[in-house]
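**Student:** Structure: final.txt, compact mmCIF, C-alpha atoms.
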# COMPACT_ATOMS: atom_id res chain seq x y z
CA MET F 1116 -1.88 26.46 -34.65
CA ALA F 1117 -5.23 26.61 -36.44
CA VAL F 1118 -7.94 24.15 -37.41
CA ASP F 1119 -8.57 22.75 -40.89
CA ILE F 1120 -11.98 21.38 -41.89
CA LEU F 1121 -12.82 18.55 -44.28
CA LEU F 1122 -16.44 18.13 -45.31
CA GLY F 1123 -18.74 16.95 -48.09
CA LEU F 1124 -20.16 19.25 -50.77
CA GLN F 1125 -22.98 17.02 -52.03
CA TRP F 1126 -25.47 14.68 -50.30
CA GLY F 1127 -22.87 12.71 -48.40
CA ASP F 1128 -20.96 9.59 -49.50
CA GLU F 1129 -18.39 11.76 -51.29
CA GLY F 1130 -15.36 9.86 -49.97
CA LYS F 1131 -14.55 12.02 -46.94
CA GLY F 1132 -13.34 9.11 -44.83
CA LYS F 1133 -10.69 8.11 -47.34
CA LEU F 1134 -9.36 11.66 -47.60
CA VAL F 1135 -9.26 12.14 -43.81
CA ASP F 1136 -7.27 8.92 -43.56
CA VAL F 1137 -4.83 10.22 -46.19
CA LEU F 1138 -4.41 13.62 -44.52
CA ALA F 1139 -4.42 12.42 -40.90
CA PRO F 1140 -0.62 11.92 -40.55
CA GLN F 1141 -0.20 15.70 -40.98
CA TYR F 1142 -2.30 16.38 -37.87
CA GLN F 1143 -2.09 15.60 -34.17
CA ILE F 1144 -5.89 15.52 -33.71
CA VAL F 1145 -8.79 14.46 -35.95
CA ALA F 1146 -12.20 15.45 -34.56
CA ARG F 1147 -15.74 14.59 -35.73
CA PHE F 1148 -18.01 17.61 -35.31
CA GLN F 1149 -21.57 16.43 -36.12
CA GLY F 1150 -23.79 13.58 -37.18
CA GLY F 1151 -23.97 10.16 -35.63
CA PRO F 1152 -24.00 6.47 -36.60
CA ASN F 1153 -25.90 7.44 -39.77
CA ALA F 1154 -22.47 8.26 -41.22
CA GLY F 1155 -20.56 5.60 -43.15
CA HIS F 1156 -16.95 6.57 -43.81
CA THR F 1157 -15.16 3.88 -45.84
CA ILE F 1158 -11.38 3.54 -45.67
CA GLY F 1159 -9.32 1.05 -47.70
CA PHE F 1160 -5.64 0.19 -47.39
CA GLU F 1161 -3.40 -2.86 -47.76
CA GLY F 1162 -6.30 -4.82 -49.26
CA LYS F 1163 -8.54 -4.22 -46.24
CA LYS F 1164 -11.72 -2.16 -45.96
CA PHE F 1165 -13.24 -0.57 -42.89
CA VAL F 1166 -16.48 1.37 -42.48
CA LEU F 1167 -16.62 3.89 -39.62
CA HIS F 1168 -19.84 5.37 -38.27
CA LEU F 1169 -18.86 7.33 -35.16
CA ILE F 1170 -15.09 7.09 -34.78
CA PRO F 1171 -13.03 9.72 -36.65
CA SER F 1172 -11.28 8.43 -39.76
CA GLY F 1173 -7.87 9.25 -38.31
CA ILE F 1174 -8.10 6.21 -36.03
CA PHE F 1175 -5.83 4.13 -38.30
CA GLN F 1176 -2.92 6.45 -37.53
CA PRO F 1177 -1.87 5.39 -33.98
CA GLU F 1178 -0.04 8.64 -33.28
CA VAL F 1179 -3.15 10.75 -34.03
CA GLN F 1180 -5.57 11.61 -31.22
CA CYS F 1181 -9.21 11.15 -32.29
CA LEU F 1182 -12.07 13.10 -30.73
CA ILE F 1183 -15.83 12.63 -30.96
CA GLY F 1184 -17.05 16.20 -30.48
CA ASN F 1185 -20.03 17.72 -28.73
CA GLY F 1186 -21.97 18.12 -31.99
CA VAL F 1187 -22.11 14.35 -32.50
CA VAL F 1188 -24.97 12.15 -31.27
CA VAL F 1189 -23.50 8.94 -29.84
CA ASP F 1190 -25.22 5.58 -29.79
CA PRO F 1191 -23.34 3.64 -27.07
CA ILE F 1192 -24.20 0.29 -28.65
CA SER F 1193 -22.91 1.35 -32.08
CA LEU F 1194 -19.76 2.85 -30.55
CA GLN F 1195 -18.98 -0.29 -28.59
CA GLU F 1196 -19.51 -2.48 -31.66
CA GLU F 1197 -17.29 -0.22 -33.76
CA ILE F 1198 -14.44 -0.21 -31.25
CA LEU F 1199 -14.56 -3.98 -30.79
CA MET F 1200 -14.66 -4.48 -34.57
CA LEU F 1201 -11.52 -2.40 -35.04
CA GLU F 1202 -9.71 -4.02 -32.14
CA SER F 1203 -10.52 -7.49 -33.47
CA ALA F 1204 -8.76 -6.42 -36.70
CA GLY F 1205 -5.66 -5.39 -34.75
CA ILE F 1206 -6.34 -1.63 -34.79
CA THR F 1207 -5.38 0.23 -31.61
CA VAL F 1208 -8.31 2.39 -30.50
CA ARG F 1209 -8.81 3.08 -26.81
CA ASN F 1210 -5.50 4.79 -26.11
CA HIS F 1211 -6.11 7.53 -28.69
CA LEU F 1212 -9.90 7.95 -28.84
CA TRP F 1213 -11.64 10.60 -26.74
CA VAL F 1214 -15.39 11.23 -26.39
CA SER F 1215 -16.78 14.63 -25.45
CA VAL F 1216 -18.83 14.74 -22.27
CA ARG F 1217 -21.01 17.28 -24.11
CA ALA F 1218 -21.94 14.90 -26.96
CA SER F 1219 -25.58 13.80 -26.94
CA LEU F 1220 -26.59 10.21 -26.28
CA ILE F 1221 -28.88 8.16 -28.48
CA ILE F 1222 -31.04 5.85 -26.39
CA PRO F 1223 -33.09 2.87 -27.67
CA THR F 1224 -36.47 4.61 -27.52
CA GLN F 1225 -35.15 7.36 -29.81
CA ARG F 1226 -34.47 4.70 -32.42
CA LEU F 1227 -38.04 3.48 -32.02
CA LEU F 1228 -39.33 7.04 -32.41
CA ASP F 1229 -37.30 7.40 -35.61
CA GLN F 1230 -39.04 4.35 -37.05
CA ALA F 1231 -42.45 5.54 -35.86
CA ASN F 1232 -42.01 9.00 -37.36
CA GLU F 1233 -41.06 7.60 -40.77
CA GLN F 1234 -44.04 5.25 -40.64
CA LEU F 1235 -46.34 8.19 -39.91
CA LEU F 1236 -44.99 10.17 -42.87
CA GLY F 1237 -45.68 7.31 -45.30
CA VAL F 1238 -44.94 8.37 -48.87
CA ARG F 1239 -43.64 11.72 -47.56
CA LYS F 1240 -40.96 10.06 -45.44
CA ILE F 1241 -37.57 11.74 -45.22
CA GLY F 1242 -35.51 8.62 -45.89
CA SER F 1243 -34.03 8.41 -42.39
CA THR F 1244 -31.41 5.78 -41.60
CA LEU F 1245 -33.60 4.92 -38.57
CA ARG F 1246 -30.64 5.23 -36.19
CA GLY F 1247 -32.38 7.63 -33.80
CA ILE F 1248 -30.44 10.64 -35.04
CA GLY F 1249 -33.38 13.02 -35.54
CA PRO F 1250 -35.11 12.26 -32.21
CA ALA F 1251 -31.78 12.63 -30.37
CA TYR F 1252 -31.21 16.08 -31.88
CA GLN F 1253 -34.86 16.98 -31.16
CA ASP F 1254 -34.39 16.11 -27.49
CA LYS F 1255 -31.14 18.09 -27.45
CA ILE F 1256 -32.85 21.20 -28.80
CA GLY F 1257 -35.84 20.55 -26.51
CA ARG F 1258 -33.42 20.49 -23.55
CA SER F 1259 -34.54 17.05 -22.41
CA GLY F 1260 -31.79 14.88 -23.91
CA LEU F 1261 -29.01 12.96 -22.23
CA ARG F 1262 -25.31 13.62 -22.77
CA VAL F 1263 -22.25 11.42 -22.54
CA GLY F 1264 -21.11 13.12 -19.35
CA ASP F 1265 -24.36 12.11 -17.67
CA VAL F 1266 -23.36 8.43 -17.63
CA VAL F 1267 -20.89 9.00 -14.78
CA LEU F 1268 -23.31 11.04 -12.66
CA PRO F 1269 -25.18 9.38 -9.75
CA ASP F 1270 -28.62 10.30 -11.14
CA PHE F 1271 -28.04 8.93 -14.65
CA GLN F 1272 -30.51 6.06 -14.26
CA GLU F 1273 -33.21 8.43 -13.05
CA LYS F 1274 -32.62 10.77 -16.00
CA TYR F 1275 -32.68 7.83 -18.39
CA GLN F 1276 -35.97 6.48 -17.04
CA THR F 1277 -37.60 9.93 -17.23
CA LEU F 1278 -36.65 10.38 -20.91
CA ARG F 1279 -37.51 6.76 -21.70
CA GLU F 1280 -41.02 7.11 -20.25
CA HIS F 1281 -41.57 10.32 -22.19
CA HIS F 1282 -40.70 8.48 -25.42
CA LEU F 1283 -42.89 5.47 -24.58
CA LYS F 1284 -45.92 7.72 -24.04
CA ARG F 1285 -45.32 9.28 -27.45
CA LEU F 1286 -44.96 5.86 -29.10
CA ASP F 1287 -48.23 4.72 -27.49
CA GLN F 1288 -49.97 7.89 -28.70
CA ILE F 1289 -48.80 7.18 -32.23
CA GLY F 1290 -49.95 3.58 -31.95
CA PHE F 1291 -46.55 2.24 -32.99
CA GLU F 1292 -45.91 -1.41 -32.15
CA TYR F 1293 -42.50 -2.19 -30.66
CA ASP F 1294 -40.53 -4.76 -28.69
CA LEU F 1295 -38.88 -2.78 -25.89
CA VAL F 1296 -36.88 -5.72 -24.59
CA GLN F 1297 -35.33 -6.24 -28.00
CA ALA F 1298 -34.78 -2.50 -28.51
CA GLU F 1299 -32.92 -2.15 -25.21
CA ALA F 1300 -30.83 -5.31 -25.61
CA GLY F 1301 -27.19 -4.49 -24.99
CA PHE F 1302 -27.80 -0.88 -23.95
CA GLU F 1303 -26.90 -1.27 -20.27
CA GLU F 1304 -23.72 -3.15 -21.21
CA ALA F 1305 -22.82 -0.46 -23.75
CA ILE F 1306 -23.26 2.30 -21.13
CA ALA F 1307 -20.88 0.42 -18.82
CA PHE F 1308 -18.42 0.16 -21.72
CA LEU F 1309 -18.76 3.89 -22.44
CA ARG F 1310 -17.80 4.66 -18.84
CA THR F 1311 -14.44 2.96 -19.41
CA LEU F 1312 -13.49 5.22 -22.33
CA PRO F 1313 -11.53 8.48 -22.00
CA LEU F 1314 -14.17 11.22 -21.63
CA THR F 1315 -13.21 14.87 -21.97
CA ASP F 1316 -14.57 18.38 -22.23
CA ASN F 1317 -13.64 19.10 -25.84
CA VAL F 1318 -13.59 22.89 -25.31
CA TYR F 1319 -10.59 22.66 -22.99
CA PHE F 1320 -9.13 19.61 -24.75
CA LEU F 1321 -8.85 21.47 -28.06
CA ASP F 1322 -7.89 24.82 -26.55
CA LYS F 1323 -4.95 23.20 -24.77
CA ALA F 1324 -3.89 21.36 -27.92
CA LEU F 1325 -4.00 24.51 -30.04
CA HIS F 1326 -2.00 26.48 -27.50
CA GLN F 1327 0.61 23.71 -27.63
CA GLY F 1328 0.90 24.21 -31.39
CA GLN F 1329 -0.94 21.03 -32.40
CA LYS F 1330 -2.79 20.80 -35.72
CA VAL F 1331 -6.45 19.78 -35.76
CA LEU F 1332 -8.49 18.36 -38.65
CA ALA F 1333 -12.25 18.68 -38.17
CA GLU F 1334 -14.12 15.88 -39.95
CA GLY F 1335 -17.70 16.36 -41.12
CA ALA F 1336 -20.35 13.74 -41.84
CA GLN F 1337 -23.13 13.65 -44.46
CA GLY F 1338 -22.86 16.59 -46.89
CA THR F 1339 -23.63 20.28 -47.39
CA LEU F 1340 -26.82 19.63 -49.37
CA LEU F 1341 -28.17 17.76 -46.32
CA ASP F 1342 -27.54 20.66 -43.93
CA ILE F 1343 -30.47 21.36 -41.60
CA ASP F 1344 -30.58 25.05 -42.63
CA PHE F 1345 -29.19 25.15 -46.16
CA GLY F 1346 -29.96 21.70 -47.56
CA SER F 1347 -33.03 20.51 -49.47
CA TYR F 1348 -35.30 20.90 -46.44
CA PRO F 1349 -37.13 18.90 -45.14
CA PHE F 1350 -35.17 16.12 -46.86
CA VAL F 1351 -32.08 16.81 -44.79
CA THR F 1352 -30.17 15.53 -41.79
CA SER F 1353 -30.67 16.96 -38.30
CA SER F 1354 -27.36 18.77 -37.85
CA SER F 1355 -25.23 21.52 -39.34
CA THR F 1356 -23.02 19.84 -41.93
CA ILE F 1357 -21.27 23.02 -43.14
CA SER F 1358 -18.01 24.59 -41.96
CA ALA F 1359 -19.83 26.77 -39.42
CA GLY F 1360 -20.97 23.53 -37.79
CA ALA F 1361 -17.36 22.70 -36.95
CA CYS F 1362 -17.29 25.70 -34.62
CA THR F 1363 -20.48 24.80 -32.77
CA GLY F 1364 -19.77 21.06 -32.95
CA LEU F 1365 -16.30 21.31 -31.40
CA GLY F 1366 -16.45 24.52 -29.35
CA LEU F 1367 -14.08 26.45 -31.60
CA PRO F 1368 -14.00 30.18 -32.39
CA PRO F 1369 -14.23 31.01 -36.13
CA SER F 1370 -10.86 32.76 -35.91
CA GLN F 1371 -9.20 29.35 -35.49
CA ILE F 1372 -10.38 28.03 -38.89
CA ARG F 1373 -7.69 28.01 -41.57
CA GLU F 1374 -8.18 25.69 -44.56
CA VAL F 1375 -11.47 24.16 -45.73
CA TYR F 1376 -11.25 20.99 -47.83
CA GLY F 1377 -14.43 20.43 -49.85
CA VAL F 1378 -14.92 16.86 -51.08
CA PHE F 1379 -17.13 15.93 -54.04
CA LYS F 1380 -17.62 13.03 -56.44
CA ALA F 1381 -17.08 13.33 -60.17
CA TYR F 1382 -20.81 12.57 -60.37
CA CYS F 1383 -23.65 12.79 -57.84
CA THR F 1384 -25.41 10.32 -55.56
CA ARG F 1385 -28.16 10.62 -53.02
CA VAL F 1386 -29.70 8.23 -50.48
CA GLY F 1387 -33.31 8.58 -49.39
CA SER F 1388 -35.97 11.04 -50.49
CA GLY F 1389 -35.64 14.58 -51.78
CA PRO F 1390 -34.96 16.49 -55.02
CA PHE F 1391 -32.13 15.38 -57.30
CA THR F 1392 -31.97 17.51 -60.43
CA THR F 1393 -29.48 15.41 -62.42
CA GLU F 1394 -30.76 11.98 -61.34
CA LEU F 1395 -30.54 9.27 -64.00
CA LEU F 1396 -33.50 6.87 -63.87
CA ASP F 1397 -32.25 4.75 -66.74
CA GLU F 1398 -29.54 2.25 -67.66
CA THR F 1399 -26.89 4.99 -67.42
CA GLY F 1400 -27.84 5.58 -63.79
CA GLU F 1401 -27.68 1.85 -63.14
CA LYS F 1402 -24.28 1.67 -64.83
CA LEU F 1403 -23.03 4.42 -62.51
CA ARG F 1404 -24.44 2.62 -59.49
CA VAL F 1405 -22.76 -0.66 -60.34
CA ALA F 1406 -19.44 0.87 -61.38
CA GLY F 1407 -19.27 3.03 -58.26
CA LYS F 1408 -20.59 0.32 -55.91
CA GLU F 1409 -23.15 2.88 -54.85
CA PHE F 1410 -24.86 1.16 -51.97
CA GLY F 1411 -25.12 2.80 -48.54
CA ALA F 1412 -22.23 1.95 -46.19
CA THR F 1413 -24.61 2.32 -43.23
CA THR F 1414 -27.95 1.08 -44.59
CA GLY F 1415 -26.99 -0.95 -47.68
CA ARG F 1416 -29.65 0.93 -49.65
CA PRO F 1417 -28.92 1.52 -53.36
CA ARG F 1418 -27.95 5.14 -53.95
CA ARG F 1419 -29.66 7.30 -56.53
CA CYS F 1420 -27.12 8.32 -59.18
CA GLY F 1421 -26.77 11.22 -61.59
CA TRP F 1422 -24.40 13.60 -63.35
CA LEU F 1423 -22.28 16.20 -61.59
CA ASP F 1424 -24.33 19.29 -60.65
CA LEU F 1425 -22.12 22.39 -60.83
CA PRO F 1426 -24.70 25.00 -59.64
CA ALA F 1427 -25.27 22.92 -56.51
CA LEU F 1428 -21.52 22.46 -56.08
CA LYS F 1429 -20.89 26.20 -56.37
CA TYR F 1430 -23.63 26.81 -53.80
CA ALA F 1431 -21.88 24.42 -51.39
CA ILE F 1432 -18.53 26.13 -51.93
CA LEU F 1433 -20.15 29.49 -51.20
CA LEU F 1434 -21.61 28.24 -47.92
CA ASN F 1435 -18.40 26.67 -46.67
CA GLY F 1436 -15.66 29.04 -47.81
CA VAL F 1437 -13.86 26.14 -49.50
CA ASN F 1438 -10.28 26.78 -50.62
CA HIS F 1439 -9.27 23.19 -51.46
CA LEU F 1440 -11.43 21.13 -53.84
CA CYS F 1441 -11.00 17.36 -53.80
CA MET F 1442 -12.61 15.21 -56.51
CA MET F 1443 -13.31 11.58 -55.61
CA LYS F 1444 -14.22 8.46 -57.61
CA ALA F 1445 -13.06 9.80 -60.97
CA ASP F 1446 -12.20 6.21 -61.91
CA VAL F 1447 -15.90 5.26 -61.80
CA LEU F 1448 -16.46 7.22 -65.03
CA SER F 1449 -13.59 5.52 -66.86
CA ASP F 1450 -15.89 3.29 -68.90
CA PHE F 1451 -18.02 6.17 -70.18
CA GLU F 1452 -17.24 7.40 -73.70
CA GLU F 1453 -18.92 10.70 -72.82
CA VAL F 1454 -19.78 12.33 -69.51
CA ASN F 1455 -22.30 15.06 -68.79
CA ILE F 1456 -22.12 17.98 -66.37
CA CYS F 1457 -25.03 20.19 -65.32
CA THR F 1458 -24.11 23.85 -65.83
CA ASP F 1459 -27.49 25.61 -65.49
CA TYR F 1460 -31.08 25.03 -64.41
CA SER F 1461 -34.06 25.65 -66.65
CA THR F 1462 -37.02 26.73 -64.49
CA SER F 1463 -40.47 28.18 -65.01
CA THR F 1464 -38.97 31.66 -64.56
CA GLY F 1465 -35.98 31.17 -66.87
CA ILE F 1466 -32.37 29.97 -66.82
CA THR F 1467 -30.54 30.20 -63.50
CA ARG F 1468 -27.46 28.97 -61.65
CA GLU F 1469 -29.01 29.48 -58.22
CA VAL F 1470 -30.22 26.55 -56.12
CA PRO F 1471 -33.93 27.15 -55.46
CA TYR F 1472 -35.34 27.45 -51.97
CA HIS F 1473 -38.41 25.36 -52.83
CA THR F 1474 -37.62 21.64 -52.98
CA HIS F 1475 -40.61 21.01 -55.24
CA ALA F 1476 -39.54 23.55 -57.86
CA SER F 1477 -39.69 22.22 -61.41
CA ILE F 1478 -36.12 22.14 -62.73
CA THR F 1479 -34.61 20.72 -65.89
CA PRO F 1480 -30.82 20.41 -65.93
CA ILE F 1481 -28.91 21.97 -68.82
CA LEU F 1482 -26.04 19.62 -69.57
CA LYS F 1483 -22.61 20.01 -71.12
CA THR F 1484 -21.18 16.88 -72.75
CA LEU F 1485 -17.46 16.17 -72.53
CA PRO F 1486 -15.39 13.23 -73.85
CA GLY F 1487 -14.46 10.43 -71.48
CA TRP F 1488 -10.90 9.56 -70.53
CA GLY F 1489 -10.56 5.80 -70.27
CA SER F 1490 -8.71 3.88 -67.58
CA LEU F 1491 -6.83 5.69 -64.82
CA THR F 1492 -5.30 2.47 -63.50
CA GLY F 1493 -1.61 2.66 -62.68
CA ILE F 1494 -1.37 6.45 -62.72
CA THR F 1495 0.72 7.73 -59.80
CA GLU F 1496 1.42 11.37 -60.73
CA TRP F 1497 -0.83 14.29 -61.68
CA HIS F 1498 0.98 14.94 -64.96
CA GLU F 1499 0.21 11.37 -66.09
CA LEU F 1500 -3.55 12.02 -66.17
CA PRO F 1501 -5.08 11.77 -69.67
CA GLU F 1502 -5.58 15.07 -71.49
CA THR F 1503 -9.34 14.50 -71.73
CA PHE F 1504 -9.52 14.07 -67.96
CA ARG F 1505 -7.43 17.18 -67.37
CA ASN F 1506 -9.85 19.03 -69.66
CA PHE F 1507 -12.72 17.73 -67.51
CA ILE F 1508 -10.93 19.08 -64.43
CA GLY F 1509 -10.25 22.40 -66.16
CA PHE F 1510 -13.89 22.85 -67.17
CA ILE F 1511 -15.01 22.36 -63.56
CA GLU F 1512 -12.33 24.70 -62.23
CA ASP F 1513 -13.26 27.46 -64.68
CA TYR F 1514 -16.92 27.20 -63.71
CA LEU F 1515 -16.29 27.08 -59.96
CA GLU F 1516 -13.42 29.59 -60.05
CA LEU F 1517 -11.47 27.34 -57.69
CA PRO F 1518 -8.67 24.86 -58.38
CA ILE F 1519 -8.98 21.14 -57.74
CA THR F 1520 -6.07 20.14 -55.52
CA ALA F 1521 -6.67 16.39 -55.18
CA VAL F 1522 -8.18 13.61 -57.27
CA SER F 1523 -9.01 10.06 -56.16
CA ILE F 1524 -8.62 7.40 -58.85
CA GLY F 1525 -9.34 4.31 -56.75
CA PRO F 1526 -10.49 3.13 -53.30
CA ASP F 1527 -7.07 2.62 -51.71
CA ARG F 1528 -5.41 5.45 -49.77
CA GLN F 1529 -2.48 5.23 -52.21
CA GLN F 1530 -4.77 6.01 -55.15
CA THR F 1531 -4.95 9.72 -54.32
CA LEU F 1532 -3.17 12.28 -56.51
CA TRP F 1533 -2.25 15.75 -55.26
CA ARG F 1534 -1.59 18.59 -57.65
CA SER F 1535 1.16 19.79 -55.31
CA PRO F 1536 2.40 18.56 -51.92
CA VAL F 1537 0.07 19.35 -48.98
Can the structure from this file be put into structure tokens for me?
**Tutor:**
Amino acid sequence: MAVDILLGLQWGDEGKGKLVDVLAPQYQIVARFQGGPNAGHTIGFEGKKFVLHLIPSGIFQPEVQCLIGNGVVVDPISLQEEILMLESAGITVRNHLWVSVRASLIIPTQRLLDQANEQLLGVRKIGSTLRGIGPAYQDKIGRSGLRVGDVVLPDFQEKYQTLREHHLKRLDQIGFEYDLVQAEAGFEEAIAFLRTLPLTDNVYFLDKALHQGQKVLAEGAQGTLLDIDFGSYPFVTSSSTISAGACTGLGLPPSQIREVYGVFKAYCTRVGSGPFTTELLDETGEKLRVAGKEFGATTGRPRRCGWLDLPALKYAILLNGVNHLCMMKADVLSDFEEVNICTDYSTSTGITREVPYHTHASITPILKTLPGWGSLTGITEWHELPETFRNFIGFIEDYLELPITAVSIGPDRQQTLWRSPV
């Protein structure tokens, strides 16, 4: 069998976790391929809500094997807390969660470095979640980082102390004040906990599964517009968030990729710094924020809100080879009599539909206004959607030249409509 990918097409927070949870029963394996505890995937069902940071969103399906891939950076403390949180809620975890030995470790001093780096940048700060993600990926690329498989090797403590001392020297050079005892609290216990989990080499784990005819869903974190290469650099995350990242983040050949599910909101949000062409800095933006409960699942920070940006969405589709579009949070716009969509950019050199390379480029969005659609409550079938909403869908499809196959009209897993069975 082949591998399907599900990823975000905006700046993250698109609703990927919910959709993975909905699709998971069709797969034998759900695998995270990048990111770390900076992710916040929210899943709601039976009146309960869970937020996952490291564990794949298929964990609520006990028959599905979940894999944390080599492209993920793993904070042992966060992982332990997440597992214990789920188990305290009656969710079975440890018998169907695997962690790649090739995944990078986040250690406490990397979290301190994250804070120090943002402090140094001042007003130019990236908007990091301060979880140590960037420093962990820097150490990985610099070939000095630790990996999950190292925790069972006899020289792990020596490797840890060497990396720790390197970080402490850097922190002292910066002049950053820190409490090392507090920063390292719980780390040793979390490493011991990590050693008790099923660890695997994901290359062979997935190859064996695919040869046995199993279906794999690769789950991305953050979003395409935060990709380290193709996002609004430098206001990006530290990993490859696009479909190509699923290959490097799970050890898969491109020939194994089949379907690509691209997830986007009916409007846009962004957390942290960086350009946001359609951002609404007025009462309309605040109305969107309140209606959509747009506060970071990981940080709690209020999200910046704005209208749907079609040029940026088309750019993301181009990068990922998307063949299934999934629109989330359409219900959030139910109270708007009119909704706007950005169709073009007005720049100093003219009108364009291309996303500029330069993040400081002066851009004015050209908006198309469409009528609202009212409440979507109680709708259970695609054909029941209001005509004005179907026109909204049609306008987007015509622009993107790609059909929308799924629409979310509420937070629960049951509030997901498919155009045709998947």
**Student:** By how many Å are atom CA of Glu1453 of chain F and atom CA of Ile1524 of chain F apart?
**Tutor:**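 These atoms are spaced 17.7 Å apart.
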**Student:** Go ahead and compute the interatomic distance for atom CA of Lys1444 of chain F and atom CA of Asp1397 of chain F, in Å to one decimal.
**Tutor:**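 Atom CA of Asp1397 of chain F lies at a distance of 20.5 Å from atom CA of Lys1444 of chain F.
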**Student:** Just how far from atom CA of Gly1487 of chain F is atom CA of Val1454 of chain F, in Å to one decimal?
**Tutor:**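 Computing it gives 6.0 Å between the two atoms.
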**Student:** Please identify all polymer residues lying at most 10 Å from the point (-37.7, 23.0, -60.2) (file coordinates), using only C-alpha atoms, and present the result as a PyMOL selection string.
**Tutor:** chain F and resi 1390-1392+1460-1464+1470-1480
**Student:** Please determine, counting all atoms listed in the file, which residue among F:Leu1286, F:Val1189, F:Ala1117, F:Val1137 has the shortest atom-to-atom distance to Pro1152 of chain F.
**Tutor:**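 Counting all atoms listed in the file, the residue closest to Pro1152 of chain F is F:Val1189.
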**Student:** Out of F:Pro1369, F:Gly1155, F:Gly1338, F:Pro1417, which residue has the shortest atom-to-atom distance to Ser1355 of chain F when counting only C-alpha atoms?
**Tutor:**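 Distance minimum relative to Ser1355 of chain F lands on F:Gly1338.
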**Student:** Looking at F:Tyr1252, F:Phe1350, F:Phe1345, F:Trp1213, which one is nearest to Thr1315 of chain F, with distances taken over only C-alpha atoms?
**Tutor:**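 Between F:Tyr1252, F:Phe1350, F:Phe1345, F:Trp1213, the residue approaching Thr1315 of chain F most closely is F:Trp1213.
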**Student:** Would you please work out which residue, of F:His1211, F:Arg1258, F:Arg1147, F:Lys1131, is nearest to Gly1360 of chain F when using all atoms listed in the file?
**Tutor:**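 Closest candidate: F:Arg1147.
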**Student:** Have a look at F:Glu1512, F:Glu1196, F:Asp1128, F:Glu1452 and name the one nearest to Ala1305 of chain F; count all atoms listed in the file.
**Tutor:**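 Ranking F:Glu1512, F:Glu1196, F:Asp1128, F:Glu1452 by distance to Ala1305 of chain F, first place goes to F:Glu1196.
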**Student:** Quick one: of F:Met1442, F:Leu1278, F:Val1386, F:Ala1381, who's nearest to Ala1154 of chain F, counting all atoms listed in the file?
**Tutor:** F:Val1386
**Student:** What's around Asp1459 of chain F at 7 Å? Count all atoms listed in the file, leave out sequence neighbours fewer than 3 positions away in its own chain, and write the answer as a list in words.
**Tutor:**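 Selected residues are Pro1426, Ile1466, Thr1467, Arg1468, Pro1480 and Ile1481 of chain F.
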**Student:** Any chance you could work out the axis-aligned box around segment 1181-1195 of chain F, listed atoms only, 8 Å on each side, giving centre and edge lengths in Å to one decimal, as AutoDock Vina command-line options?
**Tutor:**
--center_x -17.2 --center_y 8.9 --center_z -29.8 --size_x 32.0 --size_y 34.4 --size_z 21.4
**Student:** Residues near Arg1246 of chain F, anyone? I mean within 10 Å using only C-alpha atoms, not counting same-chain ones fewer than 6 positions away, as a list in words.
**Tutor:**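 Neighbouring residues, sequence-local ones excluded: Gly1151, Pro1152, Asn1153, Asp1190, Ser1193, Ile1221, Ile1222, Pro1223, Gln1225, Arg1226, Leu1227, Leu1228, Asp1229, Gln1230, Thr1413 and Thr1414 of chain F.
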**Student:** Could those residues be written to a file, using C-alpha atoms, as a PDB file, in the frame of the given file?
**Tutor:**
ATOM      1  CA  GLY F1151     -23.970  10.160 -35.630  1.00  0.00           C
ATOM      2  CA  PRO F1152     -24.000   6.470 -36.600  1.00  0.00           C
ATOM      3  CA  ASN F1153     -25.900   7.440 -39.770  1.00  0.00           C
ATOM      4  CA  ASP F1190     -25.220   5.580 -29.790  1.00  0.00           C
ATOM      5  CA  SER F1193     -22.910   1.350 -32.080  1.00  0.00           C
ATOM      6  CA  ILE F1221     -28.880   8.160 -28.480  1.00  0.00           C
ATOM      7  CA  ILE F1222     -31.040   5.850 -26.390  1.00  0.00           C
ATOM      8  CA  PRO F1223     -33.090   2.870 -27.670  1.00  0.00           C
ATOM      9  CA  GLN F1225     -35.150   7.360 -29.810  1.00  0.00           C
ATOM     10  CA  ARG F1226     -34.470   4.700 -32.420  1.00  0.00           C
ATOM     11  CA  LEU F1227     -38.040   3.480 -32.020  1.00  0.00           C
ATOM     12  CA  LEU F1228     -39.330   7.040 -32.410  1.00  0.00           C
ATOM     13  CA  ASP F1229     -37.300   7.400 -35.610  1.00  0.00           C
ATOM     14  CA  GLN F1230     -39.040   4.350 -37.050  1.00  0.00           C
ATOM     15  CA  THR F1413     -24.610   2.320 -43.230  1.00  0.00           C
ATOM     16  CA  THR F1414     -27.950   1.080 -44.590  1.00  0.00           C
TER      17      THR F1414
END
**Student:** Which polymer residues have any atom within 7 Å of an atom of Ile1519 of chain F, counting all atoms listed in the file, with same-chain residues fewer than 5 positions away left out, as a list in words?
**Tutor:** His1439, Leu1440, Cys1441 and Glu1512 of chain F
**Student:** Excluding same-chain residues fewer than 6 positions from Tyr1142 of chain F, what lies within 7 Å of it counting only C-alpha atoms, as a list of chain:residue names?
**Tutor:** F:Val1179, F:Lys1330, F:Val1331, F:Leu1332
**Student:** Just the selected residues (C-alpha atoms), exported as a compact mmCIF listing (two decimals), in the coordinates of the input, please.
**Tutor:**
# COMPACT_ATOMS: atom_id res chain seq x y z
CA VAL F 1179 -3.15 10.75 -34.03
CA LYS F 1330 -2.79 20.80 -35.72
CA VAL F 1331 -6.45 19.78 -35.76
CA LEU F 1332 -8.49 18.36 -38.65
